[in-house]
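Have a look at the structure below, then the notes.
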Amino acid sequence: MSFSFDEKCKRTFCPLPWNHSYLNLDGSFHVCCTGQSFGNEIMMNFGEKASIESGYSTIEVMNSDFMKKLRLDMLKGRWSSMCQRCEVTEKNNGVSRRNLEIKTHESKIEEMLESTLEDGTINYPVTSIDYRLGNVCNLQCRMCNPRSSKLWIEDWNKVVPQNEKVSPEVIESLKRYDWIDSEDLIKDFKEKSLHLEHIQFAGGEPLLVPQMSRILELCIESGNSKNIIISYTTNLTHLPKKVLDLWKYFKGVKILASIDAVGDLNHYIRYPSNWDEIDQNLKFIDENYESLNVIECILNTTVGALNVCSLNKIYNYLSTFNFVVKVPNLSNLQFPSYLATTVLPAPLKKLASIQLTQIKMSHIHILPDHQKYLVENINNVIQFMNSYDGYRTEEFQKFKKFQNDFDKLKGLNLLDYCREFEKFI
Ligand code: SF4
């Protein structure tokens, strides 16, 4: 039996379960980062988690019953619950990761389907990997957690609601993610490296992780680096020269800069980032992208209750750049839900909706077709924000308490950064 890319399949098919391997911060394999909060950790046939340490080969993981079922669901037009984020984005008229992956891999889809047996088994190589190399990070962003940043470890239980607190044993385990230093990581990389076309690094802060540089060096030594595009999701606080020197050996480098606001508000949300350093680094990339071999640089803005009313400043700021894309990639902050835009009082939602609609109208014509999704995603932000009234629930109380407790620890004050909350707290 061979599968066809018919109307039913087009509704739910995604290339990632065929060609992609996502290694999460704790060394476990998931389907992709987009569905990570929706239970997409890959389970092996005897109920064991697939992880770097479990010793399964790539073929065994990709052809586990778990992956076979996911692929069959996609081919038969059934949304898997683990792909909820893409499903909701598409229902809100936004452009999902799935939509983008289909565009990127359009010419390979037939081959993927042909490689698929009736029971979902595939004979298709991993061409794309996403490595999250532990929780080394120099920031303690408000929406982050100790699994992604070590700086959160000491403060986590002091500020999160009771049901999110973790035990002392978990705290201890978060202090050392040993798997990053093990040879298993390098073994896993070598096993996948032969057909690689894309490596995504995120963190933690990937530009600070020595294992990231080691993997780049392995690609260069193998002679395959010229076929590989590397992408970073980075807070852009540091551009280490040692890493920049390696980029020229690759097909190109893409940068997704995690920046949520301009100036002091970014420092407040992505604490304790220094705006001047970030601004300098972004300008450095804008001016030197050719010699750095950077082929794309986009701001990746996580939209939550603290920044949705200030997004217009990001668009104004970006208008001064030449190479850096003038429109940010907006993603809704969904977890923790009490930091999401849904908790905002109605007048602030209205203010943000008006601003965003104006931004959409004024920016839709300035982007080439392949980047128009960046503007179209504004719909998704407006619809998500207005999809639920968290202000009238305990969510807004949790929002206030969390900001207040975190501010006390750091000597900050919400109203110094977000005047719009004055009437509401
Ligand atoms: S549909 Fe979305 S969530 Fe599912 S595998 Fe693809 S990108 Fe990930």
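FYI, nothing fancy with the structure tokens labels: chains A, B, ... in order, residues from 1 per chain, ligands from 1 as they appear.
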Selection within 9 Å of ligand 1 by only C-alpha atoms and all ligand atoms, output as number ranges by chain: A: 12-17, 31-36, 38, 40, 70, 74, 79-87, 96-101
DSSP-assigned strand (DSSP E) among segment 315-371 of chain A, expressed as a ChimeraX atom specification: /A:329-332
Using only C-alpha atoms, what does the table of segment 128-244 of chain A residues within 10 Å of segment 275-281 of chain A look like, with each row giving the shortest atom pair and its distance in Å to one decimal, sorted by chain and ascending number, as JSON lines?
```
{"residue": "A:Asn235", "atom": "CA", "partner": "A:Ile278", "partner_atom": "CA", "distance": 8.0}
{"residue": "A:Leu236", "atom": "CA", "partner": "A:Ile278", "partner_atom": "CA", "distance": 5.7}
{"residue": "A:Thr237", "atom": "CA", "partner": "A:Ile278", "partner_atom": "CA", "distance": 5.2}
{"residue": "A:His238", "atom": "CA", "partner": "A:Asn281", "partner_atom": "CA", "distance": 7.5}
{"residue": "A:Leu239", "atom": "CA", "partner": "A:Asn281", "partner_atom": "CA", "distance": 7.1}
```
Atoms to include: N, CA and C atoms. Write the selected residues as an mmCIF file, in the first residue's frame.
```
data_model
loop_
_atom_site.group_PDB
_atom_site.id
_atom_site.type_symbol
_atom_site.label_atom_id
_atom_site.label_comp_id
_atom_site.auth_asym_id
_atom_site.auth_seq_id
_atom_site.Cartn_x
_atom_site.Cartn_y
_atom_site.Cartn_z
ATOM 1 N N ASN A 235 19.344 34.190 23.019
ATOM 2 C CA ASN A 235 18.935 35.465 23.621
ATOM 3 C C ASN A 235 19.800 36.623 23.133
ATOM 4 N N LEU A 236 20.794 36.309 22.334
ATOM 5 C CA LEU A 236 21.653 37.286 21.652
ATOM 6 C C LEU A 236 22.419 38.225 22.606
ATOM 7 N N THR A 237 22.642 37.752 23.808
ATOM 8 C CA THR A 237 23.428 38.573 24.733
ATOM 9 C C THR A 237 24.923 38.390 24.489
ATOM 10 N N HIS A 238 25.295 37.261 23.846
ATOM 11 C CA HIS A 238 26.712 37.001 23.573
ATOM 12 C C HIS A 238 26.890 36.454 22.167
ATOM 13 N N LEU A 239 27.923 36.918 21.487
ATOM 14 C CA LEU A 239 28.294 36.339 20.185
ATOM 15 C C LEU A 239 29.771 35.933 20.291
#
```
Between A:Ser319, A:Thr301, A:Asn379, A:Thr121, which one has atoms that come closest to Gln358 of chain A, using only C-alpha atoms?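 Comparing A:Ser319, A:Thr301, A:Asn379, A:Thr121 against Gln358 of chain A, the winner is A:Asn379.
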Atom CA of Val308 of chain A to atom CA of Lys349 of chain A, straight-line distance in Å: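 That distance, rounded to one decimal, is 8.6 Å.
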Quick one: pull the distance between atom CA of Phe46 of chain A and atom CA of Leu185 of chain A, Å, one decimal. 22.9 Å
Distance atom CA of Asp155 of chain A-atom CA of Phe421 of chain A, one decimal place?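 Atom CA of Phe421 of chain A lies at a distance of 24.6 Å from atom CA of Asp155 of chain A.
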Enumerate, as a PyMOL selection string, the complete set of residues in segment 91-324 of chain A that a backbone-based DSSP assignment places in alpha helix (DSSP H). chain A and resi 91+97-104+109-114+156-159+168-175+183-193+210-222+241-247+264-269+275-292+311-318
Pick from A:Ser28, A:Thr233, A:Asn316, A:Ser21 nearest to Gly55 of chain A, counting only C-alpha atoms: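 Among the listed residues, A:Ser28 lies closest to Gly55 of chain A.
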Find the residues near Phe406 of chain A: any atom within 9 Å, counting only C-alpha atoms, skip ones fewer than 5 places away on the same chain, and give them as a PyMOL selection string. chain A and resi 142+155+158-159+401+411-412
Proximity to Asn135 of chain A - best of A:Leu117, A:Ile42, A:Leu25, A:Cys219, only C-alpha atoms: A:Leu25
Given the choices A:Gly27, A:Pro240, A:Gly47, A:Gly94, which gets closest to Asn380 of chain A if the distance is worked out from only C-alpha atoms? A:Gly94
As a PyMOL selection string, please: the residues near Thr393 of chain A (cut-off 10 Å, only C-alpha atoms, same-chain neighbours under 4 positions excluded). chain A and resi 338+343+389+397-398
Quick one: residues within 9 Å of Gly120 of chain A, only C-alpha atoms counted, chain neighbours fewer than 3 positions away excluded, as an mmCIF file with C-alpha atoms, in the first residue's frame?
```cif
data_model
loop_
_atom_site.group_PDB
_atom_site.id
_atom_site.type_symbol
_atom_site.label_atom_id
_atom_site.label_comp_id
_atom_site.auth_asym_id
_atom_site.auth_seq_id
_atom_site.Cartn_x
_atom_site.Cartn_y
_atom_site.Cartn_z
ATOM 1 C CA ASN A 63 10.102 3.153 14.152
ATOM 2 C CA ASP A 65 4.997 1.952 17.869
ATOM 3 C CA MET A 67 5.985 7.094 16.066
ATOM 4 C CA LYS A 68 4.276 4.642 13.731
ATOM 5 C CA LYS A 69 0.875 5.486 15.218
ATOM 6 C CA LEU A 70 1.525 9.225 15.014
ATOM 7 C CA ARG A 71 2.441 8.946 11.328
ATOM 8 C CA LEU A 72 -0.608 6.821 10.537
ATOM 9 C CA THR A 116 6.177 4.473 4.556
ATOM 10 C CA LEU A 117 4.876 0.945 5.050
#
```
Residue nearest Glu7 of chain A - candidates A:Gly77, A:Phe399, A:Glu287, A:Ser51, atoms counted: only C-alpha atoms: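 Smallest separation from Glu7 of chain A among the options: A:Gly77.
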Nearest-residue call for Tyr373 of chain A, choices A:Glu172, A:Glu60, A:Asp26, A:Glu90, using only C-alpha atoms: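 The closest residue to Tyr373 of chain A is A:Glu90.
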Extract, using only C-alpha atoms, all DNA, RNA and protein residues at most 8 Å from segment 161-170 of chain A, discarding same-chain residues fewer than 3 positions from it, and format them as a PyMOL selection string. chain A and resi 156-157+173-174+398+402
